[in-house]
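Report on one structure; see the data block that follows.
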Amino acid sequence: MDGKRFPNGIVAVEKQKANLRGANLYRANLERADLTDANLKGANLERANLSGADLSGAKLRGADLNGANLTGANLQGANLTEANLRGANLTEANLRGANLTEANLRGANLTEANLKGANLTDADLSGQNLDDLKSRGAIIITGQ
C-alpha cells in the first residue's frame, strides 16, 4: 500500500478503505492523512495527531481518541458510535452527518465544529453547551 512516513516511524496509509481495525496508533502523527472510508473500529488513537486528516466515512466505532488532535479534520459521515473522544480537540472539524451515538465527548473542544446533522444521541456531553450544539444542527436525544 502507498503510505507516508512520519518522523516517529508511523506509516499513514493513504489508500481509501484501509483496514486498521484494532490498530495501536497511540500518539501517532497522522496529520493530513487520507483515511477516507478507513476501518478503524476499536483502534487506539489516544493522543494521536489527526489534524487536517480526511476521515470522511471512516468506521471508528469504539475507537479510543482520548486527547486526540482532530483540529480541522474531515469526519463527515463517519461512524463514531461509542468512541472515546474525551478531551479531544475538534476545533473546526467537519462532523456533518457523523454518528456519535453514545460517544464520550466529555471535555472535548467543539469550537467552530460543523455539527449539521451529527447524531449525538445518548452521547456524554458533560461540560458542553447543549443549546450551542443544537443551534449548529446537532441532533441530541438523551435518556432513551
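Labeling convention for the C-alpha cells: chains A, B, ... as they appear, residues from 1 per chain, ligands from 1 in order of appearance.
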For this session: Name all residues at most 10 Å from Ala113 (chain A) (count only C-alpha atoms; drop same-chain ones fewer than 2 positions away) and give them as a list in words.
Result: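 Final neighbour list, sorted by chain and number: Thr71, Gly72, Ala73, Asn89, Leu90, Thr91, Glu92, Ala93, Asn94, Leu95, Arg96, Asn109, Leu110, Thr111, Leu115, Lys116, Leu133 and Arg136 of chain A.
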Please produce a file of those selected residues containing C-alpha atoms, as a compact mmCIF listing (two decimals), in the first residue's frame.
# COMPACT_ATOMS: atom_id res chain seq x y z
CA THR A 71 -8.38 20.17 14.53
CA GLY A 72 -9.80 20.80 11.05
CA ALA A 73 -10.28 17.07 10.42
CA ASN A 89 -9.65 18.82 20.15
CA LEU A 90 -12.30 19.01 17.41
CA THR A 91 -11.88 22.72 16.68
CA GLU A 92 -13.17 23.46 13.15
CA ALA A 93 -13.69 19.73 12.50
CA ASN A 94 -16.34 18.72 9.97
CA LEU A 95 -18.72 16.32 11.75
CA ARG A 96 -21.57 16.85 9.30
CA ASN A 109 -13.32 21.11 22.33
CA LEU A 110 -16.03 21.56 19.68
CA THR A 111 -15.30 25.22 18.90
CA LEU A 115 -22.31 19.61 13.57
CA LYS A 116 -25.06 19.84 10.95
CA LEU A 133 -24.61 22.36 19.82
CA ARG A 136 -25.30 24.32 14.99
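DSSP annotation of chain A from backbone atoms: helix (DSSP H, G or I) residues are A:Leu130, A:Asp131, A:Asp132, A:Leu133, A:Lys134, A:Ser135.
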Suppose we keep C-alpha atoms; can you now write the selection as a PDB file, in the first residue's frame?
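To be explicit, this is the file written out as selection_23.pdb:
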ATOM      1  CA  LEU A 130     -26.200  21.897  24.559  1.00  0.00           C
ATOM      2  CA  ASP A 131     -28.041  24.943  23.228  1.00  0.00           C
ATOM      3  CA  ASP A 132     -24.967  25.897  21.213  1.00  0.00           C
ATOM      4  CA  LEU A 133     -24.607  22.355  19.822  1.00  0.00           C
ATOM      5  CA  LYS A 134     -28.298  22.273  18.860  1.00  0.00           C
ATOM      6  CA  SER A 135     -28.060  25.704  17.233  1.00  0.00           C
TER       7      SER A 135
END
For this session: Would you please give, as a ChimeraX atom specification, all residues of chain A that DSSP assigns to strand (DSSP E) based on the backbone?
Result: /A:3-5,11-13
Selection: 10 Å around Ser126 (chain A), only C-alpha atoms, excl. self and same-chain fewer than 4 positions, as a compact mmCIF listing (two decimals) with C-alpha atoms, in the first residue's frame:
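selection-v3.txt, freshly written:
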# COMPACT_ATOMS: atom_id res chain seq x y z
CA ARG A 86 -12.78 12.68 25.97
CA ASN A 104 -17.83 10.19 25.16
CA LEU A 105 -17.35 13.90 24.40
CA ARG A 106 -16.66 14.94 27.99
CA GLY A 107 -14.33 17.93 27.90
CA ALA A 108 -13.93 17.80 24.11
CA LEU A 130 -26.20 21.90 24.56
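With distances restricted to only C-alpha atoms, A:Glu102 is the closest residue to Gly143 (chain A) from A:Asp64, A:Asp54, A:Glu112, A:Glu102.
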For this session: Please provide the set of residues having any atom within 12 Å of Ala38 (chain A), restricted to only C-alpha atoms, with same-chain residues fewer than 4 positions apart removed, written as a count of residues only.
Result: 28
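Nearest-residue note for Asn84 (chain A): choosing from A:Gly137, A:Gly67, A:Gly117, A:Gly97, the minimum distance belongs to A:Gly67, counting only C-alpha atoms.
A straight line drawn from CA of Leu35 (chain A) to CA of Ala123 (chain A) is 24.1 Å long.
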Exercise. CA of Gly52 (chain A) to CA of Asp122 (chain A): how many Å, to one decimal?
Worked result: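 Result for CA of Gly52 (chain A) versus CA of Asp122 (chain A): 27.2 Å, one decimal.
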Seminar exercise, completed: Separating CA of Leu30 (chain A) from CA of Leu120 (chain A), to the nearest tenth of an Å, is a gap of 25.4 Å
Exercise. Hey, which of A:Ala138, A:Leu25, A:Leu40, A:Leu45 ends up closest to Leu85 (chain A)? Count only C-alpha atoms.
Worked result: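 Using only C-alpha atoms, the shortest distance to Leu85 (chain A) belongs to A:Leu45.
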Problem set entry | Proximity to Thr81 (chain A) - best of A:Thr101, A:Ile140, A:Arg32, A:Tyr26, only C-alpha atoms |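 Counting only C-alpha atoms, the residue closest to Thr81 (chain A) is A:Thr101.
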Seminar exercise, completed: Between A:Leu70, A:Gln76, A:Ala28, A:Ala83, smallest distance to Lys41 (chain A) by only C-alpha atoms belongs to A:Ala83
